[in-house]
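Have a look at final24.pdb below; it lists PDB, C-alpha atoms.
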ATOM      1  CA  MET A 913       0.602   8.458 -16.346
ATOM      2  CA  PRO A 914       1.656   4.888 -15.558
ATOM      3  CA  PHE A 915      -1.776   3.706 -14.419
ATOM      4  CA  SER A 916      -3.482   4.595 -17.672
ATOM      5  CA  ALA A 917      -2.870   1.075 -18.971
ATOM      6  CA  LEU A 918      -5.018  -0.323 -16.190
ATOM      7  CA  ALA A 919      -8.010   1.725 -17.304
ATOM      8  CA  SER A 920      -8.492  -0.430 -20.383
ATOM      9  CA  ALA A 921      -7.178  -3.727 -19.011
ATOM     10  CA  THR A 922      -9.684  -6.548 -18.950
ATOM     11  CA  THR A 923      -8.108  -9.215 -16.733
ATOM     12  CA  PRO A 924     -10.071  -9.562 -13.465
ATOM     13  CA  THR A 925      -7.011  -9.016 -11.279
ATOM     14  CA  CYS A 926      -5.555  -5.976 -13.043
ATOM     15  CA  HIS A 927      -6.876  -3.632 -10.351
ATOM     16  CA  ILE A 928      -5.264  -5.617  -7.529
ATOM     17  CA  GLY A 929      -1.673  -4.734  -6.679
ATOM     18  CA  LEU A 930       0.925  -6.388  -4.468
ATOM     19  CA  GLY A 931       2.394  -4.424  -1.577
ATOM     20  CA  LEU A 932       5.711  -5.585  -0.120
ATOM     21  CA  ALA A 933       5.440  -4.202   3.412
ATOM     22  CA  ALA A 934       5.059  -7.662   4.954
ATOM     23  CA  VAL A 935       7.933  -9.398   3.167
ATOM     24  CA  GLY A 936      10.660  -6.774   2.736
ATOM     25  CA  ARG A 937      11.741  -6.945   6.391
ATOM     26  CA  PRO A 938      11.629  -9.518   9.202
ATOM     27  CA  GLY A 939       9.307  -7.562  11.505
ATOM     28  CA  TYR A 940       5.893  -6.042  10.829
ATOM     29  CA  ILE A 941       2.583  -5.485  12.624
ATOM     30  CA  ASN A 942       0.344  -7.869  10.672
ATOM     31  CA  LEU A 943      -1.513 -10.437  12.790
ATOM     32  CA  GLY A 944      -0.572 -14.058  12.153
ATOM     33  CA  ARG A 945       2.899 -13.164  10.962
ATOM     34  CA  ASP A 946       4.643 -15.904  12.950
ATOM     35  CA  ASP A 947       2.646 -18.569  11.121
ATOM     36  CA  ASP A 948       3.059 -16.814   7.774
ATOM     37  CA  LEU A 949       6.832 -16.433   7.810
ATOM     38  CA  GLY A 950       8.090 -19.057  10.235
ATOM     39  CA  ALA A 951      11.481 -18.890  11.915
ATOM     40  CA  ASP A 952      13.747 -18.253   8.947
ATOM     41  CA  ARG A 953      13.617 -14.547   8.221
ATOM     42  CA  SER A 954      17.080 -14.167   6.807
ATOM     43  CA  VAL A 955      17.660 -11.746   3.968
ATOM     44  CA  GLU A 956      17.877 -14.559   1.445
ATOM     45  CA  ALA A 957      14.766 -16.303   2.780
ATOM     46  CA  LEU A 958      12.711 -13.140   2.408
ATOM     47  CA  ARG A 959      14.271 -12.352  -0.958
ATOM     48  CA  THR A 960      13.158 -15.779  -2.201
ATOM     49  CA  ARG A 961       9.692 -15.348  -0.669
ATOM     50  CA  THR A 962       9.315 -11.925  -2.303
ATOM     51  CA  HIS A 963      10.364 -13.265  -5.699
ATOM     52  CA  ASP A 964       7.925 -16.177  -5.378
ATOM     53  CA  LEU A 965       5.115 -13.749  -4.584
ATOM     54  CA  LEU A 966       6.036 -11.470  -7.475
ATOM     55  CA  ASP A 967       6.161 -14.437  -9.869
ATOM     56  CA  ALA A 968       2.774 -15.681  -8.697
ATOM     57  CA  ALA A 969       1.209 -12.232  -8.813
ATOM     58  CA  TYR A 970       2.478 -11.491 -12.298
ATOM     59  CA  ALA A 971       1.333 -14.889 -13.581
ATOM     60  CA  GLN A 972      -2.166 -14.160 -12.265
ATOM     61  CA  GLY A 973      -2.512 -10.742 -13.857
ATOM     62  CA  VAL A 974      -1.271  -8.366 -11.143
ATOM     63  CA  ARG A 975       0.529  -5.411 -12.710
ATOM     64  CA  TYR A 976       1.194  -2.943  -9.867
ATOM     65  CA  PHE A 977       3.905  -3.555  -7.245
ATOM     66  CA  ASP A 978       4.350  -1.266  -4.254
ATOM     67  CA  ALA A 979       7.465  -0.828  -2.108
ATOM     68  CA  ALA A 980       8.957   1.821   0.198
ATOM     69  CA  ARG A 981      12.322   2.930   1.512
ATOM     70  CA  SER A 982      11.193   1.872   5.003
ATOM     71  CA  TYR A 983      10.110  -1.640   3.973
ATOM     72  CA  GLY A 984      13.529  -3.064   4.752
ATOM     73  CA  ARG A 985      14.986  -4.406   1.498
ATOM     74  CA  SER A 986      11.764  -4.350  -0.489
ATOM     75  CA  GLU A 987      13.156  -2.111  -3.236
ATOM     76  CA  GLU A 988      16.250  -4.283  -3.497
ATOM     77  CA  PHE A 989      14.206  -7.484  -3.728
ATOM     78  CA  LEU A 990      11.927  -5.900  -6.318
ATOM     79  CA  ALA A 991      14.855  -4.608  -8.363
ATOM     80  CA  ASP A 992      16.438  -8.080  -8.343
ATOM     81  CA  TRP A 993      13.180  -9.586  -9.588
ATOM     82  CA  LEU A 994      12.844  -7.032 -12.366
ATOM     83  CA  THR A 995      16.359  -7.883 -13.537
ATOM     84  CA  LYS A 996      15.497 -11.590 -13.591
ATOM     85  CA  ARG A 997      12.181 -10.982 -15.355
ATOM     86  CA  PRO A 998      12.849  -8.784 -18.407
ATOM     87  CA  ASP A 999       9.564 -10.105 -19.801
ATOM     88  CA  ALA A1000       7.701  -8.220 -17.053
ATOM     89  CA  ASP A1001       7.987  -4.959 -18.924
ATOM     90  CA  ASP A1002       4.335  -4.027 -18.464
ATOM     91  CA  VAL A1003       4.315  -3.629 -14.682
ATOM     92  CA  VAL A1004       3.922  -0.360 -12.819
ATOM     93  CA  ILE A1005       6.409   0.155  -9.978
ATOM     94  CA  GLY A1006       5.697   2.440  -7.052
ATOM     95  CA  SER A1007       7.737   3.251  -3.979
ATOM     96  CA  LYS A1008       7.624   5.752  -1.134
ATOM     97  CA  TRP A1009       9.961   8.073   0.687
ATOM     98  CA  GLY A1010       9.612   9.801   4.056
ATOM     99  CA  TYR A1011      10.417   6.974   6.469
ATOM    100  CA  THR A1012      13.868   5.484   7.053
ATOM    101  CA  TYR A1013      14.177   1.823   8.008
ATOM    102  CA  THR A1014      16.123   1.687  11.282
ATOM    103  CA  ALA A1015      15.587  -1.847  12.634
ATOM    104  CA  GLY A1016      18.823  -3.307  11.244
ATOM    105  CA  TRP A1017      17.013  -6.517  10.203
ATOM    106  CA  SER A1018      15.888  -7.128  13.783
ATOM    107  CA  ILE A1019      12.398  -7.997  14.956
ATOM    108  CA  ASP A1020      13.061  -6.567  18.411
ATOM    109  CA  ALA A1021      14.374  -3.110  17.492
ATOM    110  CA  GLU A1022      13.196  -0.236  19.661
ATOM    111  CA  HIS A1023      12.355   1.793  16.543
ATOM    112  CA  HIS A1024      11.671   0.151  13.192
ATOM    113  CA  GLU A1025      11.340   3.332  11.148
ATOM    114  CA  VAL A1026      11.823   7.073  11.558
ATOM    115  CA  LYS A1027       9.672   9.627   9.771
ATOM    116  CA  GLU A1028      11.049  12.744   8.047
ATOM    117  CA  HIS A1029       9.243  14.681   5.332
ATOM    118  CA  SER A1030      11.977  17.232   4.579
ATOM    119  CA  LEU A1031      13.516  18.182   1.247
ATOM    120  CA  ALA A1032      16.814  16.710   2.437
ATOM    121  CA  ALA A1033      15.105  13.387   3.225
ATOM    122  CA  TYR A1034      13.513  13.353  -0.224
ATOM    123  CA  GLU A1035      16.796  14.004  -1.996
ATOM    124  CA  ARG A1036      18.617  11.316   0.001
ATOM    125  CA  GLN A1037      15.946   8.685  -0.399
ATOM    126  CA  ARG A1038      15.259   9.505  -4.044
ATOM    127  CA  ALA A1039      18.932   8.818  -4.762
ATOM    128  CA  GLU A1040      18.677   5.520  -2.881
ATOM    129  CA  SER A1041      15.559   4.466  -4.768
ATOM    130  CA  ASP A1042      17.046   5.496  -8.095
ATOM    131  CA  ALA A1043      20.199   3.470  -7.388
ATOM    132  CA  LEU A1044      18.070   0.342  -7.063
ATOM    133  CA  LEU A1045      15.134   0.866  -9.400
ATOM    134  CA  GLY A1046      16.461   3.397 -11.896
ATOM    135  CA  ASP A1047      14.082   4.117 -14.749
ATOM    136  CA  ARG A1048      11.766   1.289 -13.632
ATOM    137  CA  LEU A1049      10.442   3.564 -10.886
ATOM    138  CA  ASP A1050       7.123   4.939 -12.156
ATOM    139  CA  LEU A1051       5.543   6.383  -9.008
ATOM    140  CA  TYR A1052       7.197   8.003  -5.980
ATOM    141  CA  GLN A1053       4.923   8.757  -3.026
ATOM    142  CA  ILE A1054       5.340  10.756   0.161
ATOM    143  CA  HIS A1055       4.889   8.133   2.864
ATOM    144  CA  SER A1056       2.055   8.612   5.389
ATOM    145  CA  VAL A1057       1.122  12.253   5.051
ATOM    146  CA  THR A1058      -0.949  13.635   7.925
ATOM    147  CA  PRO A1059      -2.559  17.101   8.113
ATOM    148  CA  GLU A1060       0.408  18.472  10.069
ATOM    149  CA  SER A1061       3.030  17.078   7.696
ATOM    150  CA  PRO A1062       5.553  19.710   6.531
ATOM    151  CA  ALA A1063       5.390  18.068   3.101
ATOM    152  CA  LEU A1064       2.063  19.832   2.582
ATOM    153  CA  THR A1065       3.536  23.318   3.012
ATOM    154  CA  ASP A1066       7.199  23.059   1.973
ATOM    155  CA  LYS A1067       7.308  25.051  -1.274
ATOM    156  CA  ASP A1068      10.913  24.096  -2.018
ATOM    157  CA  LEU A1069       9.985  20.435  -1.770
ATOM    158  CA  HIS A1070       7.004  21.020  -4.030
ATOM    159  CA  VAL A1071       9.230  22.573  -6.683
ATOM    160  CA  ARG A1072      11.610  19.612  -6.596
ATOM    161  CA  LEU A1073       8.728  17.149  -6.850
ATOM    162  CA  ALA A1074       7.290  19.104  -9.764
ATOM    163  CA  GLU A1075      10.690  18.933 -11.485
ATOM    164  CA  ALA A1076      10.656  15.149 -11.063
ATOM    165  CA  ALA A1077       7.139  15.042 -12.504
ATOM    166  CA  ALA A1078       8.240  17.092 -15.498
ATOM    167  CA  GLN A1079      10.922  14.461 -16.129
ATOM    168  CA  GLY A1080       8.307  11.702 -16.243
ATOM    169  CA  LEU A1081       8.027  10.463 -12.651
ATOM    170  CA  THR A1082       4.500  10.333 -11.255
ATOM    171  CA  VAL A1083       4.312  12.052  -7.867
ATOM    172  CA  GLY A1084       1.875  10.858  -5.216
ATOM    173  CA  PHE A1085       1.311  10.588  -1.492
ATOM    174  CA  SER A1086      -0.023   8.119   1.036
ATOM    175  CA  THR A1087      -1.968   8.845   4.202
ATOM    176  CA  SER A1088      -2.476   7.339   7.621
ATOM    177  CA  GLY A1089      -4.255   8.152  10.871
ATOM    178  CA  PRO A1090      -7.793   9.168  11.799
ATOM    179  CA  ALA A1091      -7.579  12.445   9.836
ATOM    180  CA  GLN A1092      -6.823  10.896   6.447
ATOM    181  CA  ALA A1093      -9.635  12.865   4.819
ATOM    182  CA  ASP A1094      -8.155  16.172   5.986
ATOM    183  CA  ALA A1095      -4.708  15.179   4.686
ATOM    184  CA  ILE A1096      -6.140  14.172   1.303
ATOM    185  CA  ARG A1097      -8.014  17.433   0.877
ATOM    186  CA  ALA A1098      -4.968  19.470   1.902
ATOM    187  CA  ALA A1099      -2.824  17.590  -0.620
ATOM    188  CA  LEU A1100      -5.371  18.152  -3.388
ATOM    189  CA  ALA A1101      -4.906  21.885  -2.855
ATOM    190  CA  VAL A1102      -1.112  21.760  -3.399
ATOM    191  CA  THR A1103      -0.133  23.306  -6.718
ATOM    192  CA  VAL A1104       3.057  24.378  -8.464
ATOM    193  CA  ASP A1105       2.721  27.118 -11.077
ATOM    194  CA  GLY A1106      -1.023  26.672 -10.905
ATOM    195  CA  GLU A1107      -0.946  22.941 -11.645
ATOM    196  CA  PRO A1108      -1.892  20.193  -9.141
ATOM    197  CA  LEU A1109       1.240  18.460  -7.857
ATOM    198  CA  PHE A1110      -0.051  15.031  -6.919
ATOM    199  CA  ARG A1111      -1.420  12.438  -9.343
ATOM    200  CA  THR A1112      -2.035   9.520  -6.964
ATOM    201  CA  VAL A1113      -3.175   8.989  -3.389
ATOM    202  CA  GLN A1114      -2.729   5.804  -1.350
ATOM    203  CA  SER A1115      -4.905   5.511   1.739
ATOM    204  CA  THR A1116      -6.115   3.004   4.286
ATOM    205  CA  TYR A1117      -9.661   1.879   3.575
ATOM    206  CA  ASN A1118     -11.300  -1.360   4.644
ATOM    207  CA  ALA A1119     -14.459  -2.827   6.151
ATOM    208  CA  LEU A1120     -13.498  -1.420   9.558
ATOM    209  CA  GLU A1121     -12.107   1.996   8.513
ATOM    210  CA  THR A1122     -14.123   3.882   5.906
ATOM    211  CA  SER A1123     -13.695   7.477   7.082
ATOM    212  CA  ALA A1124     -11.577   8.568   4.096
ATOM    213  CA  GLU A1125     -14.168   7.541   1.518
ATOM    214  CA  PRO A1126     -15.657  10.983   0.705
ATOM    215  CA  ALA A1127     -12.193  12.508   0.292
ATOM    216  CA  LEU A1128     -11.007   9.587  -1.834
ATOM    217  CA  ALA A1129     -14.030  10.061  -4.080
ATOM    218  CA  GLU A1130     -13.088  13.733  -4.392
ATOM    219  CA  ALA A1131      -9.517  12.771  -5.286
ATOM    220  CA  HIS A1132     -10.782  10.388  -7.949
ATOM    221  CA  ASP A1133     -13.059  13.081  -9.366
ATOM    222  CA  ALA A1134     -10.043  15.426  -9.471
ATOM    223  CA  GLY A1135      -8.236  12.927 -11.692
ATOM    224  CA  LEU A1136      -5.995  11.161  -9.181
ATOM    225  CA  THR A1137      -5.533   7.401  -9.194
ATOM    226  CA  VAL A1138      -6.613   6.051  -5.808
ATOM    227  CA  ILE A1139      -4.583   3.174  -4.363
ATOM    228  CA  VAL A1140      -6.063   1.410  -1.342
ATOM    229  CA  LYS A1141      -3.757  -0.056   1.292
ATOM    230  CA  GLU A1142      -4.473  -2.144   4.383
ATOM    231  CA  GLY A1143      -7.642  -3.576   2.919
ATOM    232  CA  MET A1144      -7.218  -6.450   5.375
ATOM    233  CA  ALA A1145      -6.765  -4.124   8.376
ATOM    234  CA  ASN A1146      -3.366  -5.656   9.184
ATOM    235  CA  GLY A1147      -4.914  -9.115   9.459
ATOM    236  CA  ARG A1148      -7.968  -8.157  11.502
ATOM    237  CA  LEU A1149     -10.200  -9.204   8.571
ATOM    238  CA  ALA A1150      -8.519 -12.556   7.992
ATOM    239  CA  ALA A1151     -10.448 -15.680   8.981
ATOM    240  CA  ALA A1152      -8.773 -16.108  12.370
ATOM    241  CA  HIS A1153      -9.772 -12.604  13.506
ATOM    242  CA  ALA A1154     -12.688 -11.614  11.255
ATOM    243  CA  PRO A1155     -15.949 -10.185  12.641
ATOM    244  CA  ASP A1156     -18.899 -12.550  12.667
ATOM    245  CA  ALA A1157     -20.707 -10.699   9.881
ATOM    246  CA  LEU A1158     -17.730 -11.056   7.569
ATOM    247  CA  ARG A1159     -17.386 -14.745   8.414
ATOM    248  CA  ALA A1160     -21.053 -15.313   7.632
ATOM    249  CA  VAL A1161     -20.906 -13.555   4.279
ATOM    250  CA  ALA A1162     -17.730 -15.410   3.352
ATOM    251  CA  GLU A1163     -19.405 -18.729   4.107
ATOM    252  CA  GLU A1164     -22.364 -17.747   1.930
ATOM    253  CA  THR A1165     -20.091 -16.883  -1.001
ATOM    254  CA  GLY A1166     -18.016 -20.044  -0.633
ATOM    255  CA  LEU A1167     -14.840 -17.970  -0.496
ATOM    256  CA  ALA A1168     -12.533 -16.825   2.300
ATOM    257  CA  CYS A1169     -12.920 -13.766   4.505
ATOM    258  CA  ASP A1170      -9.962 -12.034   2.859
ATOM    259  CA  ALA A1171     -11.501 -12.318  -0.614
ATOM    260  CA  VAL A1172     -14.772 -10.830   0.607
ATOM    261  CA  ALA A1173     -13.014  -8.046   2.521
ATOM    262  CA  LEU A1174     -11.002  -7.016  -0.534
ATOM    263  CA  ALA A1175     -14.016  -7.403  -2.831
ATOM    264  CA  LEU A1176     -15.837  -4.867  -0.690
ATOM    265  CA  VAL A1177     -13.073  -2.358  -1.473
ATOM    266  CA  LEU A1178     -12.885  -3.231  -5.170
ATOM    267  CA  ARG A1179     -16.571  -2.315  -5.465
ATOM    268  CA  ARG A1180     -15.870   1.341  -4.686
ATOM    269  CA  PRO A1181     -16.079   3.309  -7.946
ATOM    270  CA  TRP A1182     -13.126   5.488  -6.937
ATOM    271  CA  ALA A1183     -10.752   2.594  -6.157
ATOM    272  CA  GLY A1184      -8.157   2.373  -8.917
ATOM    273  CA  VAL A1185      -5.834  -0.221  -7.366
ATOM    274  CA  VAL A1186      -6.419  -2.300  -4.222
ATOM    275  CA  LEU A1187      -3.292  -3.722  -2.627
ATOM    276  CA  SER A1188      -2.831  -7.255  -1.423
ATOM    277  CA  GLY A1189      -0.355  -7.429   1.424
ATOM    278  CA  ALA A1190       0.017 -11.198   1.171
ATOM    279  CA  ALA A1191       3.010 -12.852   2.812
ATOM    280  CA  THR A1192       2.475 -16.278   1.202
ATOM    281  CA  THR A1193       1.473 -17.409  -2.268
ATOM    282  CA  ALA A1194      -1.562 -19.151  -0.767
ATOM    283  CA  GLN A1195      -2.709 -15.869   0.778
ATOM    284  CA  LEU A1196      -2.150 -14.127  -2.529
ATOM    285  CA  ALA A1197      -4.231 -16.689  -4.415
ATOM    286  CA  SER A1198      -7.050 -16.263  -1.913
ATOM    287  CA  ASN A1199      -6.801 -12.456  -2.062
ATOM    288  CA  LEU A1200      -7.070 -12.522  -5.849
ATOM    289  CA  HIS A1201     -10.419 -14.285  -5.637
ATOM    290  CA  ALA A1202     -11.735 -10.861  -4.586
ATOM    291  CA  ALA A1203     -11.989 -10.021  -8.263
ATOM    292  CA  VAL A1204     -14.812 -12.531  -8.750
ATOM    293  CA  VAL A1205     -16.782 -12.135  -5.495
ATOM    294  CA  ASP A1206     -20.408 -11.162  -6.081
ATOM    295  CA  LEU A1207     -22.127  -9.569  -3.078
ATOM    296  CA  ASP A1208     -25.875  -9.040  -2.927
ATOM    297  CA  ASP A1209     -27.689  -6.133  -1.268
ATOM    298  CA  ASP A1210     -28.374  -8.018   1.952
ATOM    299  CA  GLN A1211     -24.736  -8.998   2.338
ATOM    300  CA  LEU A1212     -23.597  -5.458   1.639
ATOM    301  CA  THR A1213     -26.019  -4.144   4.259
ATOM    302  CA  ARG A1214     -24.609  -6.472   6.897
ATOM    303  CA  LEU A1215     -21.033  -5.577   6.041
ATOM    304  CA  ALA A1216     -21.896  -1.868   6.133
ATOM    305  CA  ALA A1217     -22.393  -2.189   9.892
ATOM    306  CA  LEU A1218     -18.722  -3.075  10.508
ATOM    307  CA  PRO A1219     -16.919   0.308  10.422
ATOM    308  CA  GLU A1220     -15.428   1.522  13.691
ATOM    309  CA  ASP A1221     -14.850   5.032  14.959
ATOM    310  CA  PRO A1222     -11.652   6.073  13.139
ATOM    311  CA  HIS A1223      -9.904   7.208  16.315
ATOM    312  CA  ALA A1224     -10.624   3.845  17.949
ATOM    313  CA  TYR A1225      -9.455   2.024  14.826
ATOM    314  CA  TRP A1226      -6.139   3.865  14.648
ATOM    315  CA  GLU A1227      -5.542   3.610  18.395
ATOM    316  CA  ARG A1228      -5.938  -0.160  18.116
ATOM    317  CA  ARG A1229      -3.631  -0.259  15.109
ATOM    318  CA  ALA A1230      -1.003   1.699  17.049
ATOM    319  CA  ARG A1231      -1.054  -1.007  19.734
ATOM    320  CA  LEU A1232      -0.267  -3.827  17.302
ATOM    321  CA  ALA A1233       3.108  -5.331  18.117
ATOM    322  CA  TRP A1234       5.963  -5.713  15.664
ATOM    323  CA  HIS A1235       6.606  -9.418  15.422
TER     324      HIS A1235
END
Using structure tokens, write down the structure from this file.
Amino acid sequence: MPFSALASATTPTCHIGLGLAAVGRPGYINLGRDDDLGADRSVEALRTRTHDLLDAAYAQGVRYFDAARSYGRSEEFLADWLTKRPDADDVVIGSKWGYTYTAGWSIDAEHHEVKEHSLAAYERQRAESDALLGDRLDLYQIHSVTPESPALTDKDLHVRLAEAAAQGLTVGFSTSGPAQADAIRAALAVTVDGEPLFRTVQSTYNALETSAEPALAEAHDAGLTVIVKEGMANGRLAAAHAPDALRAVAEETGLACDAVALALVLRRPWAGVVLSGAATTAQLASNLHAAVVDLDDDQLTRLAALPEDPHAYWERRARLAWH
């Protein structure tokens, strides 16, 4: 599978990936976005920003890039970069289907994305992804599976996904919401002809939301590559918004809050790839310092007190404004 190369890689940043949710479209829910992006959020401005981030990430050892059909033009921007960088032939490319981008490049749209986990949605969006990424697409994930998602029970969809896997595409899923653990365990039970369907899982895990950890460990033990998203809790763990305990530990390490927050995730033995959602090259550089953060037992104990009730965490996330 495409992540096997990372298992033997030795560069410190090889297990950090770059997610394009924050730069593939003009509106998103990350805190501090106005300062990060400024006023010019034209297609070409964000295309240039995305390419700059991809260049910087690749130069610093990042080898996994993550997009989605609902991240505006993220697949397009990524495909353009891949065309310009034929030397970057050792990267792993992942995308997701299941949400349709509906904001029309507006920050003020009533609905920014619409969810649909049907076979018809898969076939439509797979064709769209293939048109842009072609054989560079390594991993295709169902976007934000929850326990009630029809993608967990649709046998026809499972057969089509298994056919794609037989042709060399890695099939995975991502999760969201307070019942991530239930969704992960349900997905682990999905088989086609007696074989597990999914080979990767991408879930939210950070210093404030740790509820999926036991299920992610189970997924890792079952042979899945675990990808961690939202390690910065949509900006809530950045310096301007970070809890006091995180600020204190960051000061002790001499690094920024974001590096410490991501380092905490990288320490988990089941974490295969931890995504940076940086919107600027400066943020990316700071995020990548996570690979060299050394936390002692006392610091880990203080940070272990940060997790919130998962329902409270996700309710707060749902209230974040698109801006």
Evaluated on this file, the PyMOL selection byres ((chain A and resi 959) around 12) picks out some residues - which ones are they, written as an mmCIF file with C-alpha atoms, in the coordinates of the input?
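Everything below was put into out.cif:
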data_model
loop_
_atom_site.group_PDB
_atom_site.id
_atom_site.type_symbol
_atom_site.label_atom_id
_atom_site.label_comp_id
_atom_site.auth_asym_id
_atom_site.auth_seq_id
_atom_site.Cartn_x
_atom_site.Cartn_y
_atom_site.Cartn_z
ATOM 1 C CA LEU A 932 5.711 -5.585 -0.120
ATOM 2 C CA ALA A 934 5.059 -7.662 4.954
ATOM 3 C CA VAL A 935 7.933 -9.398 3.167
ATOM 4 C CA GLY A 936 10.660 -6.774 2.736
ATOM 5 C CA ARG A 937 11.741 -6.945 6.391
ATOM 6 C CA PRO A 938 11.629 -9.518 9.202
ATOM 7 C CA ASP A 952 13.747 -18.253 8.947
ATOM 8 C CA ARG A 953 13.617 -14.547 8.221
ATOM 9 C CA SER A 954 17.080 -14.167 6.807
ATOM 10 C CA VAL A 955 17.660 -11.746 3.968
ATOM 11 C CA GLU A 956 17.877 -14.559 1.445
ATOM 12 C CA ALA A 957 14.766 -16.303 2.780
ATOM 13 C CA LEU A 958 12.711 -13.140 2.408
ATOM 14 C CA THR A 960 13.158 -15.779 -2.201
ATOM 15 C CA ARG A 961 9.692 -15.348 -0.669
ATOM 16 C CA THR A 962 9.315 -11.925 -2.303
ATOM 17 C CA HIS A 963 10.364 -13.265 -5.699
ATOM 18 C CA ASP A 964 7.925 -16.177 -5.378
ATOM 19 C CA LEU A 965 5.115 -13.749 -4.584
ATOM 20 C CA LEU A 966 6.036 -11.470 -7.475
ATOM 21 C CA GLY A 984 13.529 -3.064 4.752
ATOM 22 C CA ARG A 985 14.986 -4.406 1.498
ATOM 23 C CA SER A 986 11.764 -4.350 -0.489
ATOM 24 C CA GLU A 987 13.156 -2.111 -3.236
ATOM 25 C CA GLU A 988 16.250 -4.283 -3.497
ATOM 26 C CA PHE A 989 14.206 -7.484 -3.728
ATOM 27 C CA LEU A 990 11.927 -5.900 -6.318
ATOM 28 C CA ALA A 991 14.855 -4.608 -8.363
ATOM 29 C CA ASP A 992 16.438 -8.080 -8.343
ATOM 30 C CA TRP A 993 13.180 -9.586 -9.588
ATOM 31 C CA ALA A 1191 3.010 -12.852 2.812
#
| task | For the file shown, report as a list in words the outcome of the PyMOL selection byres ((chain A and resi 1086-1095) around 8) at residue level. | result | Gln1053, Ile1054, His1055, Ser1056, Val1057, Thr1058, Pro1059, Gly1084, Phe1085, Ile1096, Arg1097, Ala1098, Ala1099, Val1113, Gln1114, Ser1115, Thr1116, Ser1123, Ala1124, Glu1125, Pro1126, Ala1127, Leu1128, Pro1222, His1223, Tyr1225 and Trp1226 of chain A
Can you write out as a Markdown table which residues of range 1107-1183 of chain A fall within 12 Å of range 1192-1210 of chain A, alongside each residue's closest atom pair and its distance in Å to one decimal, counting all atoms listed in the file and ordering rows by chain and ascending residue number?
| residue | atom | partner | partner_atom | distance |
| --- | --- | --- | --- | --- |
| A:Gly1143 | CA | A:Asn1199 | CA | 10.2 |
| A:Met1144 | CA | A:Asn1199 | CA | 9.6 |
| A:Gly1147 | CA | A:Gln1195 | CA | 11.2 |
| A:Leu1149 | CA | A:Asn1199 | CA | 11.6 |
| A:Ala1150 | CA | A:Gln1195 | CA | 9.8 |
| A:Ala1151 | CA | A:Gln1195 | CA | 11.3 |
| A:Ala1157 | CA | A:Asp1210 | CA | 11.4 |
| A:Leu1158 | CA | A:Leu1207 | CA | 11.6 |
| A:Ala1160 | CA | A:Asp1210 | CA | 11.8 |
| A:Val1161 | CA | A:Leu1207 | CA | 8.5 |
| A:Ala1162 | CA | A:Val1205 | CA | 9.5 |
| A:Glu1163 | CA | A:Val1205 | CA | 11.9 |
| A:Glu1164 | CA | A:Leu1207 | CA | 9.6 |
| A:Thr1165 | CA | A:Val1205 | CA | 7.3 |
| A:Gly1166 | CA | A:Val1205 | CA | 9.4 |
| A:Leu1167 | CA | A:His1201 | CA | 7.7 |
| A:Ala1168 | CA | A:Ser1198 | CA | 6.9 |
| A:Cys1169 | CA | A:Ser1198 | CA | 9.0 |
| A:Asp1170 | CA | A:Asn1199 | CA | 5.9 |
| A:Ala1171 | CA | A:Ala1202 | CA | 4.2 |
| A:Val1172 | CA | A:Ala1202 | CA | 6.0 |
| A:Ala1173 | CA | A:Ala1202 | CA | 7.8 |
| A:Leu1174 | CA | A:Ala1202 | CA | 5.6 |
| A:Ala1175 | CA | A:Ala1202 | CA | 4.5 |
| A:Leu1176 | CA | A:Leu1207 | CA | 8.2 |
| A:Val1177 | CA | A:Ala1202 | CA | 9.2 |
| A:Leu1178 | CA | A:Ala1203 | CA | 7.5 |
| A:Arg1179 | CA | A:Ala1203 | CA | 9.4 |
| said: Between A:Gly1046, A:Pro1155, A:Gly1006, A:Pro1181, which residue has the minimum interatomic distance to Glu1220 in chain A, considering all atoms listed in the file? | reply: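 With all atoms listed in the file as the atom set, the closest residue is A:Pro1155.
Distances from A:Arg1036, A:Leu1120, A:Phe915, A:Asp1047 to Gln1079 in chain A were compared using only C-alpha atoms, and the smallest one belongs to A:Asp1047.
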| task | For CA of His1153 in chain A and CA of Glu1227 in chain A, quote the distance in Å rounded to one decimal. | result |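 Straight-line distance from CA of His1153 in chain A to CA of Glu1227 in chain A works out to 17.5 Å.
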| task | Work out how far CA of Leu1187 in chain A is from CA of Glu1142 in chain A, in Å to one decimal. | result |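 If I compute the distance from CA of Glu1142 in chain A to CA of Leu1187 in chain A, I get 7.3 Å.
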| task | Give the answer as one residue: which of A:Val1102, A:Ala1233, A:Ala980, A:Val1186 has the shortest atom-to-atom distance to Arg945 in chain A, using only C-alpha atoms? | result | A:Ala1233
| Point-to-point distance in Å for CA of Gly929 in chain A and CA of Gln972 in chain A | 11.0 Å
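Using all atoms listed in the file, the nearest neighbour of Ala1216 in chain A within the list A:Val974, A:Tyr1011, A:His1023, A:Thr1122 is A:Thr1122.
Proximity of A:Trp1182, A:Tyr1013, A:Tyr1052, A:Tyr1117 to Gly939 in chain A, computed with only C-alpha atoms, is greatest for A:Tyr1013.
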